[in-house]
Amino acid sequence: MTCLDALRRQRLFFDGGTGTFLQARGLRGGELPETWNLLRPDEITSLHAAYLEAGSNILCTNTFGANALKFPAGGQFSVEEIVSAGVTLAREARAMSGRKDVFIALDMGPTGKLLKPMGDLDFEDAVALYAQVVKAGAAAGADLVLIETMSDSYEAKAAVLAAKENCSLPVIVTTVYGENGKLLTGGTPASTVALLEGLGVDALGVNCGLGPAQMVPIVEELLSYTSLPLVVNPNAGLPHQVDGATTFDVGPAQFAAHMEHLARLGVQVLGGCCGTTPDHIRAMIAACKDIPFTPPSDKGRTLVSSYAQAVEIGPRPVVIGERINPTGKPKFKQALRDHNLEYLLNQGFAQEEGGAHILDVNVGLPELDEPALLEEVVCALQGVLTLPLQIDTSDPAAMERAMRRYNGKPMLNSVSGKAESMEAIFPLVKKYGGVVVGLALDENGIPPTAEGRVAVARKICDTAARYGIPKKELVIDPLTLTISSEPEAARITLEAVERIGKEVGVATILGVSNVSFGLPQREMVNTAFYTMALQRGLSCAILNPNSAAMMGAWRSYCALAGLDPQCGSYIAAYGGQNVPAPAAPSVTLSLGECVLRGIREGAAQGAKALLAEGKPPLDLVDQVLIPALDQVGQGFEQGTLFLPQLLMSAEAAKAAFEVVQSAMAGEDRPSQGRVVLATVQGDIHDIGKNIVKVLLENYSYEVIDLGKDVPPQQVVEAVCRTGALLVGLSALMTTTVVSMEDTIRRLRAACPQVKIVVGGAVLTPEYARQIQADCYAKDAMATVRYAEQVYQS
Amino acid sequence: MIQTPLLEVLRYLGYGAHHPDIETAALIAARMEAVEQAADPRWLSLELPLTLQTDGVCLGDWFLPSRKLLAHLEGCTAALLFGATLGVAVDRLIARGEAGRVAEAAMDQAAAAALIEAVCDDACDQLAARYPGQYLRPRFSPGYGDLPLTVQPELLARLDAPRKIGLTATSSHLLAPVKSVTAIIGIAPHPGACHAGGCATCSKQNCTFRRDTL
């Protein structure tokens, strides 16, 4: 029987802990256990033999930490030697036992590094680290790949891709949950199931972190979502400190009793992790071997996920925010051309606050490199937002790049009934996972009847099935046409929504607002159409979640359809709104006062009011905003006003500047000059640099922000490219000041005219002089003053 | 949940002995709560035998070349490796603020800095309770004095900190998640002379945030 058959048809038992066993045989603190594959192979063989004797039928190789970060090239042992020896020892132990029912799992643990943007390990570098292990392990004869003790969904994804791209062995992934029921990086059981099933692993589960008793609620949740065999490898209870050493308090008999309970819940594969011994495993097998095996069953749930949460499509309708899209939005287009990711992020925040469940992301502009930009925007959004994303592009290359880097299981917008489209998109869905929107059109265009759209929907589902993509991974868009040009358009779409749901048995989605194109008061029509579509069974809609009317329709529908228990969400959104608002302050603050007091909304309104009175935009800047900012800046310099107020004023001024900017009809504010800012290579602490940026922008400097961990050469290139006369560099630690010094040296050689200002926690005026900087700025205002000095001289 | 000490937050924001106005104080309080919500504080420690040598200390079989640490551990018979973190969600929270709400980001970062210290203090109280009749010396972190940051990877590996609490170091030896602490804590049979930690051990005398200048 192959490993895959065995996983699906019978109960399998993993082995247990390794660390305790090896420590008892003399493994020292700081010694890498994997080196014993070559230095003390007999001990490893006897470890395997003990678990074989206990009855395990999956043996994990002693390769948990074997990667090139711990075993760098040129070291005592190569990764290949360690891994190959690890697999061989397990195979030898199996051969000696004479057992035929045992599989060898190539064991891969976490890299020990955090992936970008939270750490400094690039996603593709993580894939490469795992790929090296997979190749060596597969070549040495492993039967499956076990990716275990994962507490970061992104790292797990990198490991799965490495396994799938470099061998054809079955892949099992187990993750670690804390007592809060989450991964260390924030994932939930549902989001983890979504990601891993999307990637096409063969079994998934949970290990380490908790004992078997604490795992029960997590296991129950996993069982309710996953259609794959479930693996549970707990610790022998929670760790305790006894005389300075870590011990686990659940003995073999108690462990076995808990594992029996888990087996009866329907868990297919059982084993142990830290603190478990061959005695634990033996007792567990005795208790569980006769419990009837429950084969995994398709739960039929449609999940989309981010690193932190899953969104289920159905029964409650899902709202997908449409605002991250340049179509018809000049400001958005400009932000894309300017590479202003902050603008896009703020579009995301606003939609999240509006109540969107998923955000559509479209950055297609003909003149831009869409694959690179889409990947970058997806990475930026997923770094700060917890909502899942819908990757929206007509370019399969852009789709693949964004899918590969996406930390979760995305929605994909879209495939159509055209053969060419399906051939391009379905293989990507199969490889990376995703819930894909299928447009009800094909080579013959959009069918004019509901019947025709149902037929295309069926064709898309049937073709997807041939790629191994089940119907639950599809959402069909019956397409919204405009009623002002086609009076029957909405009726046909609504009929198609209902019939596709009932006859084809697949979820549906609509972009709602197109229906009212060309009509006045479009929101009224959109809202009515949306409500009608919900009543016909619409599963998802792409709409503006910042439209009160649309979100009102959604919340009302959920309450009316019994999808909002006790009308809780409805009341949470609208309760208390009938209470009269507190009386507005009798005196309206002036724009200047709003800036001084850091009132953002007031500043924007004040700027609008002054412009409406006919004040020229530039006078507003020179006579009101800059003097107010100066007053705050001086207060800060004199120590009468503190950083939070300085920044709140800066933000209020920024809100006013944005109003002024839009009033200037495309003209830019006169720039005081260009400044390149960077947090130097190796440093990831960039808040100081970001504060400096906000202030410089307020004072009308054009800031080229290179971000954090910036290589010296990139700073040099930016200065050469932009002709900036001033560079600001930040570094937090003495170790990264070295990199600052290097950057300065290269700037001096390549751009002798440029002035360099430095700042950061460890710097002092003396230190700055020593590394050849022109100026040490003790805070953000000092940088502004130096910029004035540079550009006004 | 451990409370974030407000006075420390204000100190990190540069207030010194001053008080924020009412609106700012309200926003700071809201951000302290947001940070506490995002934080998932975790810590761990490992006791090792200690030998003091002429130019550094040995923790088990691990030699640390630092005379400052040697002086700090004078009179100790063993030492603890220590690591603590608020987790990545706090980093994400700060990054979110940096995209357009930089005042909030500054408050978040100050609140997180104050909270991680409070978490460490609480952890050290718990550790002290494990050693009745003995005395724990203040935390001494890589980067203090002549103890280089380059010891960070080994310290984390010995604690198994990446796996157990998600605490890692970048290739330039900075901690990730950012709001984290590693340290070495001496265990002594007798109370030491005045062993001040934190600011007092730092050689940057003119620092705006130094406690004794406030």
# chains A, B, ... in the order shown; residues from 1 in each chain; ligands from 1
$ residues_around --residues "range 4-16 of chain A" --least-positions-apart "3" --cutoff "7 Å" --atoms "only C-alpha atoms" --output "number ranges by chain"
A: 1, 51, 56-60, 170, 229, 268-273, 276-278, 281, 293, 295-296
$ residues_around --residues "His685 in chain A" --least-positions-apart "3" --cutoff "10 Å" --atoms "only C-alpha atoms" --output "list in words"
Thr679, Val680, Gly682, Gly688, Lys689, Asn690, Lys708, Asp709, Ser730, Ala731, Leu732, Met733 and Gly760 of chain A; Leu174 and Val178 of chain B
$ write_last_selection --atoms "N, CA, C and O atoms" --output "PDB file, in the first residue's frame"
ATOM      1  N   THR A 679      16.295  53.941   5.707  1.00  0.00           N
ATOM      2  CA  THR A 679      16.821  53.257   6.885  1.00  0.00           C
ATOM      3  C   THR A 679      17.836  52.257   6.335  1.00  0.00           C
ATOM      4  O   THR A 679      17.516  51.490   5.423  1.00  0.00           O
ATOM      5  N   VAL A 680      19.048  52.288   6.857  1.00  0.00           N
ATOM      6  CA  VAL A 680      20.165  51.625   6.173  1.00  0.00           C
ATOM      7  C   VAL A 680      20.061  50.109   6.185  1.00  0.00           C
ATOM      8  O   VAL A 680      19.292  49.532   6.959  1.00  0.00           O
ATOM      9  N   GLY A 682      20.284  46.307   6.764  1.00  0.00           N
ATOM     10  CA  GLY A 682      20.430  45.554   8.003  1.00  0.00           C
ATOM     11  C   GLY A 682      19.528  46.071   9.104  1.00  0.00           C
ATOM     12  O   GLY A 682      19.325  45.404  10.107  1.00  0.00           O
ATOM     13  N   GLY A 688      11.455  56.332  13.016  1.00  0.00           N
ATOM     14  CA  GLY A 688      12.067  57.665  13.024  1.00  0.00           C
ATOM     15  C   GLY A 688      12.134  58.242  11.623  1.00  0.00           C
ATOM     16  O   GLY A 688      11.769  59.401  11.388  1.00  0.00           O
ATOM     17  N   LYS A 689      12.547  57.417  10.684  1.00  0.00           N
ATOM     18  CA  LYS A 689      12.624  57.853   9.291  1.00  0.00           C
ATOM     19  C   LYS A 689      11.235  58.249   8.777  1.00  0.00           C
ATOM     20  O   LYS A 689      11.078  59.245   8.067  1.00  0.00           O
ATOM     21  N   ASN A 690      10.221  57.500   9.168  1.00  0.00           N
ATOM     22  CA  ASN A 690       8.859  57.813   8.705  1.00  0.00           C
ATOM     23  C   ASN A 690       8.338  59.122   9.302  1.00  0.00           C
ATOM     24  O   ASN A 690       7.589  59.850   8.649  1.00  0.00           O
ATOM     25  N   LYS A 708      13.086  50.588   4.426  1.00  0.00           N
ATOM     26  CA  LYS A 708      14.042  50.103   5.422  1.00  0.00           C
ATOM     27  C   LYS A 708      14.925  49.021   4.822  1.00  0.00           C
ATOM     28  O   LYS A 708      14.603  48.494   3.760  1.00  0.00           O
ATOM     29  N   ASP A 709      16.013  48.695   5.512  1.00  0.00           N
ATOM     30  CA  ASP A 709      16.939  47.652   5.051  1.00  0.00           C
ATOM     31  C   ASP A 709      17.389  47.937   3.612  1.00  0.00           C
ATOM     32  O   ASP A 709      17.308  47.081   2.740  1.00  0.00           O
ATOM     33  N   SER A 730      18.909  56.706   8.477  1.00  0.00           N
ATOM     34  CA  SER A 730      18.685  56.374   9.888  1.00  0.00           C
ATOM     35  C   SER A 730      19.202  54.980  10.196  1.00  0.00           C
ATOM     36  O   SER A 730      19.198  54.099   9.342  1.00  0.00           O
ATOM     37  N   ALA A 731      19.673  54.812  11.427  1.00  0.00           N
ATOM     38  CA  ALA A 731      20.157  53.521  11.914  1.00  0.00           C
ATOM     39  C   ALA A 731      19.936  53.476  13.422  1.00  0.00           C
ATOM     40  O   ALA A 731      20.103  54.486  14.104  1.00  0.00           O
ATOM     41  N   LEU A 732      19.558  52.305  13.924  1.00  0.00           N
ATOM     42  CA  LEU A 732      19.235  52.215  15.344  1.00  0.00           C
ATOM     43  C   LEU A 732      20.385  51.709  16.184  1.00  0.00           C
ATOM     44  O   LEU A 732      20.585  52.137  17.307  1.00  0.00           O
ATOM     45  N   MET A 733      21.150  50.760  15.638  1.00  0.00           N
ATOM     46  CA  MET A 733      22.116  50.053  16.465  1.00  0.00           C
ATOM     47  C   MET A 733      23.529  50.299  15.961  1.00  0.00           C
ATOM     48  O   MET A 733      23.744  50.585  14.797  1.00  0.00           O
ATOM     49  N   GLY A 760      19.227  58.582  14.593  1.00  0.00           N
ATOM     50  CA  GLY A 760      18.958  57.237  15.113  1.00  0.00           C
ATOM     51  C   GLY A 760      19.473  57.119  16.530  1.00  0.00           C
ATOM     52  O   GLY A 760      20.326  57.901  16.965  1.00  0.00           O
TER      53      GLY A 760
ATOM     54  N   LEU B 174      19.542  41.985  14.722  1.00  0.00           N
ATOM     55  CA  LEU B 174      18.457  42.712  15.385  1.00  0.00           C
ATOM     56  C   LEU B 174      17.329  41.714  15.653  1.00  0.00           C
ATOM     57  O   LEU B 174      17.130  40.778  14.891  1.00  0.00           O
ATOM     58  N   VAL B 178      10.192  43.124  16.531  1.00  0.00           N
ATOM     59  CA  VAL B 178      10.999  44.241  17.014  1.00  0.00           C
ATOM     60  C   VAL B 178      10.835  44.455  18.517  1.00  0.00           C
ATOM     61  O   VAL B 178      11.815  44.721  19.219  1.00  0.00           O
TER      62      VAL B 178
END
$ interface_residues --of "chain A" --to "chain B" --cutoff "8 Å" --atoms "only C-alpha atoms" --output "MDAnalysis selection string"
chainID A and resid 29:30 110 112:114 118:121 149 151 184:186 209 244:245 342 345:346 383:385 642:645 647:648 651 682:685 687 690:691 694 735:736 762
$ select_by_dssp --residues "range 38-106 of chain B" --states "alpha helix (DSSP H)" --output "ChimeraX atom specification"
/B:38,67-72,88-98,102-106
$ write_last_selection --atoms "C-alpha atoms" --output "short mmCIF file (atom, residue, chain, number, x, y, z; two decimals), in the first residue's frame"
data_model
loop_
_atom_site.label_atom_id
_atom_site.label_comp_id
_atom_site.auth_asym_id
_atom_site.auth_seq_id
_atom_site.Cartn_x
_atom_site.Cartn_y
_atom_site.Cartn_z
CA ALA B 38 -2.41 43.20 19.72
CA ARG B 67 34.30 42.47 30.83
CA LYS B 68 31.17 44.52 31.52
CA LEU B 69 29.11 41.35 31.79
CA LEU B 70 31.84 39.81 33.93
CA ALA B 71 31.62 42.74 36.33
CA HIS B 72 27.84 42.58 36.25
CA VAL B 88 4.48 40.09 15.40
CA ALA B 89 0.99 41.57 15.67
CA VAL B 90 2.44 44.59 17.49
CA ASP B 91 4.92 45.13 14.66
CA ARG B 92 2.04 44.98 12.20
CA LEU B 93 0.08 47.49 14.27
CA ILE B 94 2.97 49.94 14.23
CA ALA B 95 3.51 49.41 10.48
CA ARG B 96 -0.15 50.11 9.90
CA GLY B 97 0.08 53.43 11.71
CA GLU B 98 3.16 54.37 9.74
CA VAL B 102 2.34 58.51 12.16
CA ALA B 103 1.28 60.10 15.47
CA GLU B 104 -0.51 56.86 16.31
CA ALA B 105 2.51 54.87 15.16
CA ALA B 106 4.77 56.86 17.49
#
$ residues_around --residues "Cys58 in chain B" --least-positions-apart "5" --cutoff "10 Å" --atoms "only C-alpha atoms" --output "MDAnalysis selection string"
chainID B and resid 48:53 63:65 70 78:79
$ residues_around --residues "Ile185 in chain B" --least-positions-apart "2" --cutoff "12 Å" --atoms "only C-alpha atoms" --output "JSON, numbers by chain"
{"B": [45, 46, 47, 48, 49, 50, 59, 69, 70, 72, 73, 74, 76, 77, 78, 79, 80, 81, 82, 83, 120, 121, 123, 124, 127, 128, 135, 136, 137, 138, 139, 140, 141, 142, 182, 183, 187, 188, 195, 197]}
$ residues_around --residues "Arg669 in chain A" --least-positions-apart "5" --cutoff "10 Å" --atoms "only C-alpha atoms" --output "list in words"
Pro617, Leu618, Val621, Phe657, Val660, Gln661, Met664, Ser700, Tyr701 and Glu702 of chain A
$ residues_around --residues "range 430-446 of chain A" --least-positions-apart "3" --cutoff "9 Å" --atoms "only C-alpha atoms" --output "VMD selection string"
chain A and resid 161 164 194 to 200 302 to 304 390 400 403 to 404 408 to 419 425 to 427 449 452 to 457 460 to 461 467 to 469 472 to 479 508 to 509
$ select_by_dssp --residues "range 18-191 of chain B" --states "strand (DSSP E)" --output "number ranges by chain"
B: 42-52, 57-59, 62-64, 78-85, 135-136, 168-169, 175-176, 180-188
$ write_last_selection --atoms "C-alpha atoms" --output "short mmCIF file (atom, residue, chain, number, x, y, z; two decimals), in the first residue's frame"
data_model
loop_
_atom_site.label_atom_id
_atom_site.label_comp_id
_atom_site.auth_asym_id
_atom_site.auth_seq_id
_atom_site.Cartn_x
_atom_site.Cartn_y
_atom_site.Cartn_z
CA ARG B 42 5.65 35.31 25.68
CA TRP B 43 8.92 34.70 27.45
CA LEU B 44 11.25 31.89 28.34
CA SER B 45 14.46 31.26 30.24
CA LEU B 46 17.19 28.67 30.58
CA GLU B 47 19.43 28.21 33.60
CA LEU B 48 23.11 27.58 32.89
CA PRO B 49 26.12 27.03 35.13
CA LEU B 50 28.34 30.11 35.31
CA THR B 51 32.11 30.45 35.53
CA LEU B 52 33.73 33.84 35.72
CA VAL B 57 32.15 34.60 31.40
CA CYS B 58 31.34 30.98 30.56
CA LEU B 59 27.68 29.97 30.51
CA TRP B 62 29.56 28.98 25.94
CA PHE B 63 32.19 31.70 26.38
CA LEU B 64 31.05 35.33 26.21
CA ALA B 78 24.65 30.58 37.84
CA ALA B 79 22.89 32.59 35.17
CA LEU B 80 19.68 32.58 33.17
CA LEU B 81 19.39 33.18 29.47
CA PHE B 82 16.20 35.13 28.96
CA GLY B 83 14.05 36.07 25.96
CA ALA B 84 10.69 37.85 25.72
CA THR B 85 8.55 39.21 22.91
CA TYR B 135 19.00 37.01 44.28
CA LEU B 136 18.47 37.73 40.57
CA THR B 168 14.31 35.45 15.98
CA ALA B 169 17.24 37.58 14.92
CA LEU B 175 15.53 41.03 17.08
CA ALA B 176 12.39 40.25 15.10
CA SER B 180 11.46 41.88 22.07
CA VAL B 181 14.22 41.58 24.66
CA THR B 182 17.00 39.09 25.25
CA ALA B 183 19.17 39.19 28.33
CA ILE B 184 21.46 37.37 30.71
CA ILE B 185 20.41 37.37 34.36
CA GLY B 186 22.81 36.44 37.12
CA ILE B 187 21.73 34.29 40.08
CA ALA B 188 23.62 35.10 43.30
#
$ closest_residue --among "B:Ala111, B:Ala17, B:Ala118, B:Leu86" --to "Ala39 in chain B" --atoms "only C-alpha atoms"
B:Leu86
